[in-house]
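Presented below is the structure to which this report refers.
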Amino acid sequence: AQSVTQPDIHITVSEGASLELRCNYSYGATPYLFWYVQSPGQGLQLLLKYFSGDTLVQGIKGFEAEFKRSQSSFNLRKPSVHWSDAAEYFCAVGRAAGNKLTFGGGTRVLVKP
Amino acid sequence: ETGVTQSPTHLIKTRGQQVTLRCSSQSGHNTVSWYQQALGQGPQFIFQYYREEENGRGNFPPRFSGLQFPNYSSELNVNALELDDSALYLCASSEKLGGTTDTQYFGPGTRLTVL
């Protein structure tokens, strides 16, 4: 069975500082990996995805993520956080011929001025 | 190109009632997936519809059912509502080509409250 763990429930970061959100997955085949962001009361917006190829993927809003197969991780990073990045972030895993996405529990990011 | 839309935005029902939620997929997408997101948790997969047929189901009881129409829009029906059904219901559309899954794009959700 596939599963996703986001170890940090809350992260507080100062505006302009760097941000890294952790994601570990358990999967028996080549995973498709995603990061989504959710603002309060809103749906999910796709930040980036990894299907294959270069293990460092670039996304929208200045985010990037690195796939590390040996560590079963897909951590999300941003070099300099803006106040508008305050939101909840979800990591998800799926499979190539599959249907469902399995989500982690999310990490809530608070940005201090 | 329009994105995924859902209606209604909010809904309040009482225990035992039935509810229907609606989703219009993004232009060009032939697959719709439904997720339930309880407060403070990540979304959980309910089921997926591809070309009007159910294409996989999560760990939800039969009182959760769905439909997909020829225009690829979809409905989620929940019978005999329980208090624990209170959640944000998210619809996601994607384009399935052959056996390959593409990225799922989410709508804004329907907030269901069961009293």
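Identifiers for the structure tokens are assigned positionally: chains receive A, B, ... in sequence, residues are indexed from 1 per chain, and ligands are indexed from 1 in the order shown.
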Discussion item. So that I can see what lies close to Ile46 in chain B, please list as a PyMOL selection string the residues with an atom at most 6 Å from it, counting only C-alpha atoms and leaving out residues fewer than 2 positions away in the same chain.
Written reply: chain B and resi 34-35+57-58
Restrict the distance test to only C-alpha atoms, flag each residue of chain A within 7 Å of chain B, and return the flagged residues as a JSON list (two decimals) with N, CA and C atoms, in the first residue's frame.
[["chain", "number", "residue", "atom", "x", "y", "z"],
["A", 42, "GLN", "N", -9.91, 26.94, 0.39],
["A", 42, "GLN", "CA", -9.77, 26.81, -1.06],
["A", 42, "GLN", "C", -9.47, 25.38, -1.47],
["A", 43, "GLY", "N", -9.50, 25.15, -2.78],
["A", 43, "GLY", "CA", -9.08, 23.87, -3.31],
["A", 43, "GLY", "C", -7.58, 23.77, -3.37],
["A", 44, "LEU", "N", -7.09, 22.76, -4.04],
["A", 44, "LEU", "CA", -5.66, 22.49, -4.14],
["A", 44, "LEU", "C", -5.11, 23.03, -5.46],
["A", 45, "GLN", "N", -3.98, 23.71, -5.37],
["A", 45, "GLN", "CA", -3.30, 24.19, -6.57],
["A", 45, "GLN", "C", -2.00, 23.42, -6.74],
["A", 96, "ALA", "N", 1.71, 5.32, -12.32],
["A", 96, "ALA", "CA", 1.58, 5.65, -13.73],
["A", 96, "ALA", "C", 0.23, 5.26, -14.30],
["A", 97, "ALA", "N", -0.21, 4.05, -14.04],
["A", 97, "ALA", "CA", -1.48, 3.59, -14.62],
["A", 97, "ALA", "C", -2.57, 3.57, -13.58],
["A", 98, "GLY", "N", -2.42, 4.39, -12.60],
["A", 98, "GLY", "CA", -3.37, 4.36, -11.50],
["A", 98, "GLY", "C", -4.43, 5.42, -11.59],
["A", 99, "ASN", "N", -5.12, 5.58, -10.53],
["A", 99, "ASN", "CA", -6.21, 6.52, -10.49],
["A", 99, "ASN", "C", -6.12, 7.44, -9.28],
["A", 100, "LYS", "N", -5.87, 6.89, -8.13],
["A", 100, "LYS", "CA", -5.94, 7.72, -6.94],
["A", 100, "LYS", "C", -4.59, 8.35, -6.62],
["A", 101, "LEU", "N", -4.68, 9.49, -5.94],
["A", 101, "LEU", "CA", -3.54, 10.08, -5.29],
["A", 101, "LEU", "C", -3.66, 9.82, -3.79],
["A", 102, "THR", "N", -2.54, 9.50, -3.18],
["A", 102, "THR", "CA", -2.48, 9.36, -1.73],
["A", 102, "THR", "C", -1.75, 10.56, -1.18],
["A", 103, "PHE", "N", -2.41, 11.26, -0.26],
["A", 103, "PHE", "CA", -1.87, 12.50, 0.26],
["A", 103, "PHE", "C", -1.28, 12.32, 1.65],
["A", 104, "GLY", "N", -0.29, 13.16, 1.97],
["A", 104, "GLY", "CA", 0.16, 13.27, 3.33],
["A", 104, "GLY", "C", -0.80, 14.13, 4.13],
["A", 105, "GLY", "N", -0.51, 14.26, 5.41],
["A", 105, "GLY", "CA", -1.40, 15.01, 6.29],
["A", 105, "GLY", "C", -1.28, 16.52, 6.17],
["A", 106, "GLY", "N", -0.26, 16.97, 5.43],
["A", 106, "GLY", "CA", -0.12, 18.40, 5.20],
["A", 106, "GLY", "C", 0.83, 19.07, 6.18]]
Near Glu20 in chain A, counting only C-alpha atoms, which residues have an atom at most 10 Å away, once you skip same-chain residues fewer than 5 positions from it, shown as a PDB file with C-alpha atoms, in the first residue's frame?
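Dumped everything to out_28.pdb:
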ATOM      1  CA  ILE A  11       6.430  25.426  10.235  1.00  0.00           C
ATOM      2  CA  VAL A  13       9.403  31.003   8.849  1.00  0.00           C
ATOM      3  CA  PHE A  63       9.277  26.416  -5.625  1.00  0.00           C
ATOM      4  CA  GLU A  64      11.440  23.430  -6.438  1.00  0.00           C
ATOM      5  CA  ALA A  65      11.556  19.845  -5.200  1.00  0.00           C
ATOM      6  CA  ASN A  75      11.237  17.606  -0.290  1.00  0.00           C
ATOM      7  CA  LEU A  76       9.922  20.990  -1.346  1.00  0.00           C
ATOM      8  CA  ARG A  77      12.086  24.113  -1.138  1.00  0.00           C
ATOM      9  CA  LYS A  78      11.885  27.824  -1.719  1.00  0.00           C
ATOM     10  CA  PRO A  79      14.929  30.102  -1.345  1.00  0.00           C
TER      11      PRO A  79
END
Worksheet, complete the sentence: CA of Ser84 in chain A to CA of Val109 in chain A measures 10.4 Å
Worksheet item: Out of B:Ala87, B:Leu21, B:Leu39, B:Ala80, which residue has the shortest atom-to-atom distance to Leu67 in chain B when counting only C-alpha atoms?
Response: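 Ranking B:Ala87, B:Leu21, B:Leu39, B:Ala80 by distance to Leu67 in chain B, first place goes to B:Leu21.
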